[in-house]
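J.: Take a look at this one; I'll ask things after.
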Amino acid sequence: MAVTFKTRLALGHMVVVAAILAAAAAGAHWALSRAVLGTVIDDAILALAETEAAALLADPTGPVRVQEMAPGTAPPSFVRLDKFVQIVDADGRVLARSATLGTARLPTPPALLARLRGGEVVFETRSDFGEEPIRVVALPVAAGERRYAVQVAMSLDDAYAVLRAARWLGLGLALIILAGVGITGALLAQRALRPIDRVVTTARRLGEANLAERLPHPGTGDEIGRLVETLNDMLGRIERGIEAQRRFTADASHELRSPLSRLRAEIEVTLRRPRDRAEYEEALRSGLEEVERLSRLTDELLVLARLDAGEGREPAGLSVPLAPILDDTLRRLRPEAGRRGVAVTLAPSPPLAVRAAASALGLVISNLLDNAVKFSPPGGRVTVGVAASGDEAVLSVSDTGPGVAAEELPRLFDRFHRGQAARATEAPGVGLGLAICRALVERHGGRIAVDSPPAGGATFRVHLPLAL
């Protein structure tokens, strides 16, 4: 059974908190040990050793003895009660010891005596003395010509008991904190991920039939809210893309059906009875026109399909000069413009280069100029200009045709859209040229727009990034 994300999140949170608590407990135990063993015990036995040393120095010629309080009515000395005191000479012979030691003696190994002769104050922890571990300090004392060492020891049993109690207390508190963190973490994870559960439930119901439905927004501006907004935007794009695909399929089917129906009808009519050669030739010419129309439509559909599939992306950093492409396109277009009686002129323009593919740019310019010539009346004029605007190159194509109605401008670049002028003049075409232009221009980081005043005529402007 797979572990849910909520469970993994809660467990991960508990592991992190447990690691933090373990580190904090180890640090606290180390600090407490230093405080109990180093500050409390070491300072206490060192202070008593210094007191005994001061007594020796005060009477260097007198007998060596431990400064214990005589029995009587004096109160007990808590400073000396749980401590062992021993005074030895430089060779380790015991000269005096406290009553608490009885007949025992504190160890004075040769290594300790050597360090004392060097004037070092030595702290040791010994577990081989009596029934309990002890902490011992040895303090060297020089009283005139004589050398002594004062040893003071103290049991560590109570200190170790305090540390054990502290460890158990820390462990209990850590377990309580960890349990509380685990419970609250699970509740918070469940509450935080509840909007995700609703999103998942809704997303499982979505399909092509109900793409208009959107994921439930949690009503917050946090990461989950932004995720839902992003997914809803993506659903909107998918819905628009599928709707455009449906329209495209329907329009393409319609455009393909019309020439095929006409071609079939002409062939059927021609085959109904024998005809003379002229009638057959006329039927073949009409069929050839329909085939050419189907061929153009197929080519344009193939171009759009490749653009939709993301093919033809050019590497970044291309630098393509506009002048050669314009000259080549105008050279190929001028014979057709001459037959239609349309003048095509290129306005003086600076030499500019853009970041685009030469083949794509040539197709855009060719489509725009072909439309301008096609919709300009005899005696009309088509003007082509190039200018720089900031970090963009602006290519403009103006004609003196009937223009574009204001209500048609929003749909002018849609696929298979043919405006009133195209339908009125029965100009050849299927309404894919401008859609291809927009797709190619946007593919190269540019934009295309049209301006058509009420008096007539239209100006198409293509904005492309300059090659720096």
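Each chain of the structure tokens is named A, B, ... in the order shown, its residues numbered from 1; ligands are numbered from 1 in display order.
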Need the shell around segment 443-459 of chain A: protein/DNA/RNA residues with any atom at most 9 Å away, counting only C-alpha atoms. Skip same-chain ones fewer than 4 positions apart. Format as JSON, numbers by chain?

T.: {"A": [307, 310, 313, 314, 355, 356, 357, 372, 376, 392, 396, 397, 398, 399, 400, 401, 402, 403, 404, 405, 406, 409, 412, 437, 438, 439, 463, 464, 465]}

J.: Would you mind writing down, as a PyMOL selection string, each residue of segment 89-121 of chain A that DSSP on the backbone assigns to strand (DSSP E or B)?

T.: chain A and resi 89+94-97

J.: For Leu326 of chain A, work out the shell of residues within 9 Å, counting only C-alpha atoms and skipping chain neighbours fewer than 2 positions away, then give it as a PyMOL selection string.

T.: chain A and resi 322-324+328-331+346+362+365-366+384

J.: Give me the residues within 12 Å of Leu188 of chain A as a list in words, counting only C-alpha atoms and dropping any in the same chain fewer than 3 places off.

T.: Lys6, Thr7, Leu9, Ala10, His13, Gly180, Val181, Gly182, Ile183, Thr184, Gly185, Arg191, Ala192, Leu193 and Arg194 of chain A

J.: Output the selection as a short mmCIF file (atom, residue, chain, number, x, y, z; two decimals), in the first residue's frame - C-alpha atoms for each residue.

T.:
```cif
data_model
loop_
_atom_site.label_atom_id
_atom_site.label_comp_id
_atom_site.auth_asym_id
_atom_site.auth_seq_id
_atom_site.Cartn_x
_atom_site.Cartn_y
_atom_site.Cartn_z
CA LYS A 6 0.13 13.60 4.06
CA THR A 7 1.65 10.66 5.93
CA LEU A 9 4.83 14.95 5.31
CA ALA A 10 3.84 14.23 8.93
CA HIS A 13 8.18 16.57 10.12
CA GLY A 180 2.40 16.57 20.27
CA VAL A 181 4.29 17.56 17.15
CA GLY A 182 3.21 14.37 15.39
CA ILE A 183 -0.47 14.87 16.20
CA THR A 184 -0.49 18.57 15.35
CA GLY A 185 1.59 17.92 12.21
CA ARG A 191 -6.06 20.70 6.85
CA ALA A 192 -3.45 22.19 4.52
CA LEU A 193 -3.93 19.47 1.88
CA ARG A 194 -7.73 19.41 2.02
#
```

J.: So which one's closest to Ile87 of chain A, A:Asn367, A:Thr103, A:Thr61, A:Gln151? Using only C-alpha atoms, please.

T.: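 Of A:Asn367, A:Thr103, A:Thr61, A:Gln151, the one nearest Ile87 of chain A, counting only C-alpha atoms, is A:Gln151.
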
J.: With distances taken over only C-alpha atoms, which residue among A:Arg97, A:Ala186, A:Val121, A:Asp43 lies nearest Arg8 of chain A?

T.: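 With only C-alpha atoms as the atom set, the closest residue is A:Ala186.
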
J.: Considering only C-alpha atoms, return as a VMD selection string whatever protein or nucleic-acid residues lie within 9 Å of Leu263 of chain A, sequence-local ones (same chain, fewer than 3 positions apart) excluded.

T.: chain A and resid 258 to 260 266 to 268 286 to 288 290 to 291

J.: Work out how far apart atom CA of Pro133 of chain A and atom CA of Leu156 of chain A are and give it in Å to one decimal.

T.: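 Computed distance, atom CA of Pro133 of chain A to atom CA of Leu156 of chain A, equals 5.6 Å.
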
J.: Give me, as a PDB file with N, CA and C atoms, in the first residue's frame, all polymer residues having an atom no more than 12 Å from Gly172 of chain A, counting only C-alpha atoms and skipping those fewer than 6 positions away in the same chain.

T.:
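Once written, out-v6.pdb looks like this:
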```pdb
ATOM      1  N   LEU A  21      15.379  17.678  18.548  1.00  0.00           N
ATOM      2  CA  LEU A  21      15.297  17.389  19.983  1.00  0.00           C
ATOM      3  C   LEU A  21      16.507  16.587  20.457  1.00  0.00           C
ATOM      4  N   ALA A  25      18.969  17.825  23.227  1.00  0.00           N
ATOM      5  CA  ALA A  25      19.166  17.035  24.448  1.00  0.00           C
ATOM      6  C   ALA A  25      20.649  16.742  24.667  1.00  0.00           C
ATOM      7  N   ALA A 165      18.847  11.463  36.278  1.00  0.00           N
ATOM      8  CA  ALA A 165      17.492  12.007  36.389  1.00  0.00           C
ATOM      9  C   ALA A 165      17.233  13.037  35.298  1.00  0.00           C
ATOM     10  N   ALA A 166      18.252  13.839  35.006  1.00  0.00           N
ATOM     11  CA  ALA A 166      18.085  14.839  33.941  1.00  0.00           C
ATOM     12  C   ALA A 166      17.887  14.173  32.588  1.00  0.00           C
ATOM     13  N   LEU A 178       7.453  15.242  20.974  1.00  0.00           N
ATOM     14  CA  LEU A 178       7.383  14.554  19.683  1.00  0.00           C
ATOM     15  C   LEU A 178       5.976  14.061  19.395  1.00  0.00           C
ATOM     16  N   ALA A 179       5.311  13.528  20.413  1.00  0.00           N
ATOM     17  CA  ALA A 179       3.923  13.085  20.210  1.00  0.00           C
ATOM     18  C   ALA A 179       3.027  14.262  19.864  1.00  0.00           C
TER      19      ALA A 179
END
```

J.: Of the residues A:Leu369, A:Ala28, A:Ala58, A:Leu361, which is the one nearest to Leu171 of chain A, using only C-alpha atoms?

T.: A:Ala28

J.: Do a neighbour search on segment 29-38 of chain A at 9 Å with only C-alpha atoms, toss out local chain neighbours closer than 5 positions, and write the hits as a list of chain:residue names.

T.: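 In the requested form, the answer reads A:Ala24, A:Asp43, A:Arg135, A:Leu156, A:Ala159, A:Tyr160, A:Val162, A:Leu163, A:Ala166, A:Arg167, A:Gly170.
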
J.: Find the residue from A:Leu363, A:Leu175, A:Leu206, A:Ala337 that sits nearest to Met14 of chain A; use only C-alpha atoms when measuring.

T.: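 With only C-alpha atoms as the atom set, the closest residue is A:Leu175.
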
J.: When DSSP is applied to the backbone of this structure, which of segment 105-195 of chain A are assigned helix (DSSP H, G or I)? Write them out as a PDB file with N, CA and C atoms, in the first residue's frame.

T.:
```
ATOM      1  N   PRO A 110      53.011   7.130  40.487  1.00  0.00           N
ATOM      2  CA  PRO A 110      54.204   7.889  40.099  1.00  0.00           C
ATOM      3  C   PRO A 110      53.922   8.977  39.054  1.00  0.00           C
ATOM      4  N   ALA A 111      53.028   8.703  38.120  1.00  0.00           N
ATOM      5  CA  ALA A 111      52.725   9.716  37.105  1.00  0.00           C
ATOM      6  C   ALA A 111      52.130  10.970  37.743  1.00  0.00           C
ATOM      7  N   LEU A 112      51.293  10.770  38.757  1.00  0.00           N
ATOM      8  CA  LEU A 112      50.709  11.913  39.452  1.00  0.00           C
ATOM      9  C   LEU A 112      51.783  12.702  40.199  1.00  0.00           C
ATOM     10  N   LEU A 113      52.699  11.994  40.885  1.00  0.00           N
ATOM     11  CA  LEU A 113      53.758  12.673  41.629  1.00  0.00           C
ATOM     12  C   LEU A 113      54.655  13.477  40.690  1.00  0.00           C
ATOM     13  N   ALA A 114      54.909  12.916  39.500  1.00  0.00           N
ATOM     14  CA  ALA A 114      55.746  13.645  38.538  1.00  0.00           C
ATOM     15  C   ALA A 114      55.078  14.941  38.097  1.00  0.00           C
ATOM     16  N   ARG A 115      53.798  14.890  37.841  1.00  0.00           N
ATOM     17  CA  ARG A 115      53.081  16.110  37.423  1.00  0.00           C
ATOM     18  C   ARG A 115      53.041  17.131  38.558  1.00  0.00           C
ATOM     19  N   LEU A 116      52.910  16.652  39.790  1.00  0.00           N
ATOM     20  CA  LEU A 116      52.880  17.578  40.928  1.00  0.00           C
ATOM     21  C   LEU A 116      54.231  18.252  41.122  1.00  0.00           C
ATOM     22  N   ARG A 117      55.342  17.460  40.944  1.00  0.00           N
ATOM     23  CA  ARG A 117      56.660  18.080  41.067  1.00  0.00           C
ATOM     24  C   ARG A 117      56.872  19.149  40.010  1.00  0.00           C
ATOM     25  N   ASP A 157      28.732   9.921  42.993  1.00  0.00           N
ATOM     26  CA  ASP A 157      27.494   9.160  42.900  1.00  0.00           C
ATOM     27  C   ASP A 157      26.275  10.081  42.822  1.00  0.00           C
ATOM     28  N   ASP A 158      26.231  11.101  43.692  1.00  0.00           N
ATOM     29  CA  ASP A 158      25.091  12.023  43.665  1.00  0.00           C
ATOM     30  C   ASP A 158      25.041  12.810  42.354  1.00  0.00           C
ATOM     31  N   ALA A 159      26.221  13.223  41.872  1.00  0.00           N
ATOM     32  CA  ALA A 159      26.253  13.973  40.604  1.00  0.00           C
ATOM     33  C   ALA A 159      25.756  13.110  39.455  1.00  0.00           C
ATOM     34  N   TYR A 160      26.206  11.825  39.425  1.00  0.00           N
ATOM     35  CA  TYR A 160      25.733  10.931  38.365  1.00  0.00           C
ATOM     36  C   TYR A 160      24.240  10.670  38.485  1.00  0.00           C
ATOM     37  N   ALA A 161      23.732  10.630  39.711  1.00  0.00           N
ATOM     38  CA  ALA A 161      22.286  10.438  39.899  1.00  0.00           C
ATOM     39  C   ALA A 161      21.513  11.633  39.347  1.00  0.00           C
ATOM     40  N   VAL A 162      22.047  12.835  39.581  1.00  0.00           N
ATOM     41  CA  VAL A 162      21.403  14.037  39.031  1.00  0.00           C
ATOM     42  C   VAL A 162      21.403  13.993  37.501  1.00  0.00           C
ATOM     43  N   LEU A 163      22.525  13.598  36.910  1.00  0.00           N
ATOM     44  CA  LEU A 163      22.599  13.531  35.448  1.00  0.00           C
ATOM     45  C   LEU A 163      21.659  12.472  34.887  1.00  0.00           C
ATOM     46  N   ARG A 164      21.562  11.299  35.586  1.00  0.00           N
ATOM     47  CA  ARG A 164      20.615  10.269  35.114  1.00  0.00           C
ATOM     48  C   ARG A 164      19.180  10.773  35.180  1.00  0.00           C
ATOM     49  N   ALA A 165      18.847  11.463  36.278  1.00  0.00           N
ATOM     50  CA  ALA A 165      17.492  12.007  36.389  1.00  0.00           C
ATOM     51  C   ALA A 165      17.233  13.037  35.298  1.00  0.00           C
ATOM     52  N   ALA A 166      18.252  13.839  35.006  1.00  0.00           N
ATOM     53  CA  ALA A 166      18.085  14.839  33.941  1.00  0.00           C
ATOM     54  C   ALA A 166      17.887  14.173  32.588  1.00  0.00           C
ATOM     55  N   ARG A 167      18.630  13.057  32.350  1.00  0.00           N
ATOM     56  CA  ARG A 167      18.452  12.344  31.074  1.00  0.00           C
ATOM     57  C   ARG A 167      17.040  11.789  30.943  1.00  0.00           C
ATOM     58  N   TRP A 168      16.548  11.149  32.019  1.00  0.00           N
ATOM     59  CA  TRP A 168      15.185  10.608  31.944  1.00  0.00           C
ATOM     60  C   TRP A 168      14.154  11.719  31.781  1.00  0.00           C
ATOM     61  N   LEU A 169      14.363  12.824  32.484  1.00  0.00           N
ATOM     62  CA  LEU A 169      13.436  13.949  32.342  1.00  0.00           C
ATOM     63  C   LEU A 169      13.456  14.493  30.914  1.00  0.00           C
ATOM     64  N   GLY A 170      14.661  14.645  30.341  1.00  0.00           N
ATOM     65  CA  GLY A 170      14.762  15.121  28.962  1.00  0.00           C
ATOM     66  C   GLY A 170      14.125  14.170  27.979  1.00  0.00           C
ATOM     67  N   LEU A 171      14.331  12.830  28.208  1.00  0.00           N
ATOM     68  CA  LEU A 171      13.716  11.844  27.313  1.00  0.00           C
ATOM     69  C   LEU A 171      12.196  11.917  27.394  1.00  0.00           C
ATOM     70  N   GLY A 172      11.656  12.030  28.621  1.00  0.00           N
ATOM     71  CA  GLY A 172      10.203  12.122  28.749  1.00  0.00           C
ATOM     72  C   GLY A 172       9.640  13.363  28.079  1.00  0.00           C
ATOM     73  N   LEU A 173      10.311  14.493  28.308  1.00  0.00           N
ATOM     74  CA  LEU A 173       9.829  15.720  27.661  1.00  0.00           C
ATOM     75  C   LEU A 173       9.931  15.615  26.143  1.00  0.00           C
ATOM     76  N   ALA A 174      11.022  15.003  25.656  1.00  0.00           N
ATOM     77  CA  ALA A 174      11.178  14.860  24.203  1.00  0.00           C
ATOM     78  C   ALA A 174      10.072  14.004  23.614  1.00  0.00           C
ATOM     79  N   LEU A 175       9.725  12.891  24.310  1.00  0.00           N
ATOM     80  CA  LEU A 175       8.648  12.027  23.808  1.00  0.00           C
ATOM     81  C   LEU A 175       7.309  12.761  23.812  1.00  0.00           C
ATOM     82  N   ILE A 176       7.054  13.529  24.854  1.00  0.00           N
ATOM     83  CA  ILE A 176       5.798  14.284  24.909  1.00  0.00           C
ATOM     84  C   ILE A 176       5.751  15.313  23.781  1.00  0.00           C
ATOM     85  N   ILE A 177       6.863  16.041  23.605  1.00  0.00           N
ATOM     86  CA  ILE A 177       6.916  17.047  22.530  1.00  0.00           C
ATOM     87  C   ILE A 177       6.766  16.385  21.169  1.00  0.00           C
ATOM     88  N   LEU A 178       7.453  15.242  20.974  1.00  0.00           N
ATOM     89  CA  LEU A 178       7.383  14.554  19.683  1.00  0.00           C
ATOM     90  C   LEU A 178       5.976  14.061  19.395  1.00  0.00           C
ATOM     91  N   ALA A 179       5.311  13.528  20.413  1.00  0.00           N
ATOM     92  CA  ALA A 179       3.923  13.085  20.210  1.00  0.00           C
ATOM     93  C   ALA A 179       3.027  14.262  19.864  1.00  0.00           C
ATOM     94  N   GLY A 180       3.209  15.384  20.583  1.00  0.00           N
ATOM     95  CA  GLY A 180       2.404  16.568  20.269  1.00  0.00           C
ATOM     96  C   GLY A 180       2.673  17.094  18.881  1.00  0.00           C
ATOM     97  N   VAL A 181       3.947  17.091  18.497  1.00  0.00           N
ATOM     98  CA  VAL A 181       4.287  17.561  17.148  1.00  0.00           C
ATOM     99  C   VAL A 181       3.704  16.637  16.092  1.00  0.00           C
ATOM    100  N   GLY A 182       3.766  15.305  16.360  1.00  0.00           N
ATOM    101  CA  GLY A 182       3.210  14.366  15.386  1.00  0.00           C
ATOM    102  C   GLY A 182       1.718  14.543  15.200  1.00  0.00           C
ATOM    103  N   ILE A 183       0.985  14.698  16.293  1.00  0.00           N
ATOM    104  CA  ILE A 183      -0.469  14.867  16.197  1.00  0.00           C
ATOM    105  C   ILE A 183      -0.818  16.178  15.506  1.00  0.00           C
ATOM    106  N   THR A 184      -0.186  17.269  15.980  1.00  0.00           N
ATOM    107  CA  THR A 184      -0.491  18.568  15.348  1.00  0.00           C
ATOM    108  C   THR A 184      -0.023  18.599  13.898  1.00  0.00           C
ATOM    109  N   GLY A 185       1.124  17.957  13.600  1.00  0.00           N
ATOM    110  CA  GLY A 185       1.595  17.921  12.215  1.00  0.00           C
ATOM    111  C   GLY A 185       0.629  17.189  11.306  1.00  0.00           C
ATOM    112  N   ALA A 186       0.098  16.048  11.793  1.00  0.00           N
ATOM    113  CA  ALA A 186      -0.869  15.304  10.983  1.00  0.00           C
ATOM    114  C   ALA A 186      -2.136  16.121  10.756  1.00  0.00           C
ATOM    115  N   LEU A 187      -2.622  16.795  11.813  1.00  0.00           N
ATOM    116  CA  LEU A 187      -3.831  17.615  11.663  1.00  0.00           C
ATOM    117  C   LEU A 187      -3.592  18.776  10.714  1.00  0.00           C
ATOM    118  N   LEU A 188      -2.430  19.446  10.867  1.00  0.00           N
ATOM    119  CA  LEU A 188      -2.133  20.585   9.984  1.00  0.00           C
ATOM    120  C   LEU A 188      -1.948  20.132   8.545  1.00  0.00           C
ATOM    121  N   ALA A 189      -1.281  18.971   8.343  1.00  0.00           N
ATOM    122  CA  ALA A 189      -1.102  18.464   6.982  1.00  0.00           C
ATOM    123  C   ALA A 189      -2.443  18.129   6.347  1.00  0.00           C
ATOM    124  N   GLN A 190      -3.336  17.503   7.145  1.00  0.00           N
ATOM    125  CA  GLN A 190      -4.660  17.176   6.619  1.00  0.00           C
ATOM    126  C   GLN A 190      -5.433  18.437   6.250  1.00  0.00           C
ATOM    127  N   ARG A 191      -5.332  19.452   7.124  1.00  0.00           N
ATOM    128  CA  ARG A 191      -6.057  20.697   6.849  1.00  0.00           C
ATOM    129  C   ARG A 191      -5.443  21.435   5.665  1.00  0.00           C
ATOM    130  N   ALA A 192      -4.103  21.455   5.602  1.00  0.00           N
ATOM    131  CA  ALA A 192      -3.447  22.189   4.521  1.00  0.00           C
ATOM    132  C   ALA A 192      -3.682  21.532   3.167  1.00  0.00           C
ATOM    133  N   LEU A 193      -3.788  20.181   3.145  1.00  0.00           N
ATOM    134  CA  LEU A 193      -3.934  19.473   1.878  1.00  0.00           C
ATOM    135  C   LEU A 193      -5.385  19.186   1.521  1.00  0.00           C
ATOM    136  N   ARG A 194      -6.326  19.630   2.358  1.00  0.00           N
ATOM    137  CA  ARG A 194      -7.725  19.414   2.022  1.00  0.00           C
ATOM    138  C   ARG A 194      -8.117  20.079   0.696  1.00  0.00           C
ATOM    139  N   PRO A 195      -7.645  21.329   0.423  1.00  0.00           N
ATOM    140  CA  PRO A 195      -7.956  21.899  -0.898  1.00  0.00           C
ATOM    141  C   PRO A 195      -7.397  21.075  -2.051  1.00  0.00           C
TER     142      PRO A 195
END
```

J.: Using Å and a single decimal, report how far atom CA of Pro140 of chain A sits from atom CA of Asp128 of chain A.

T.: 22.8 Å
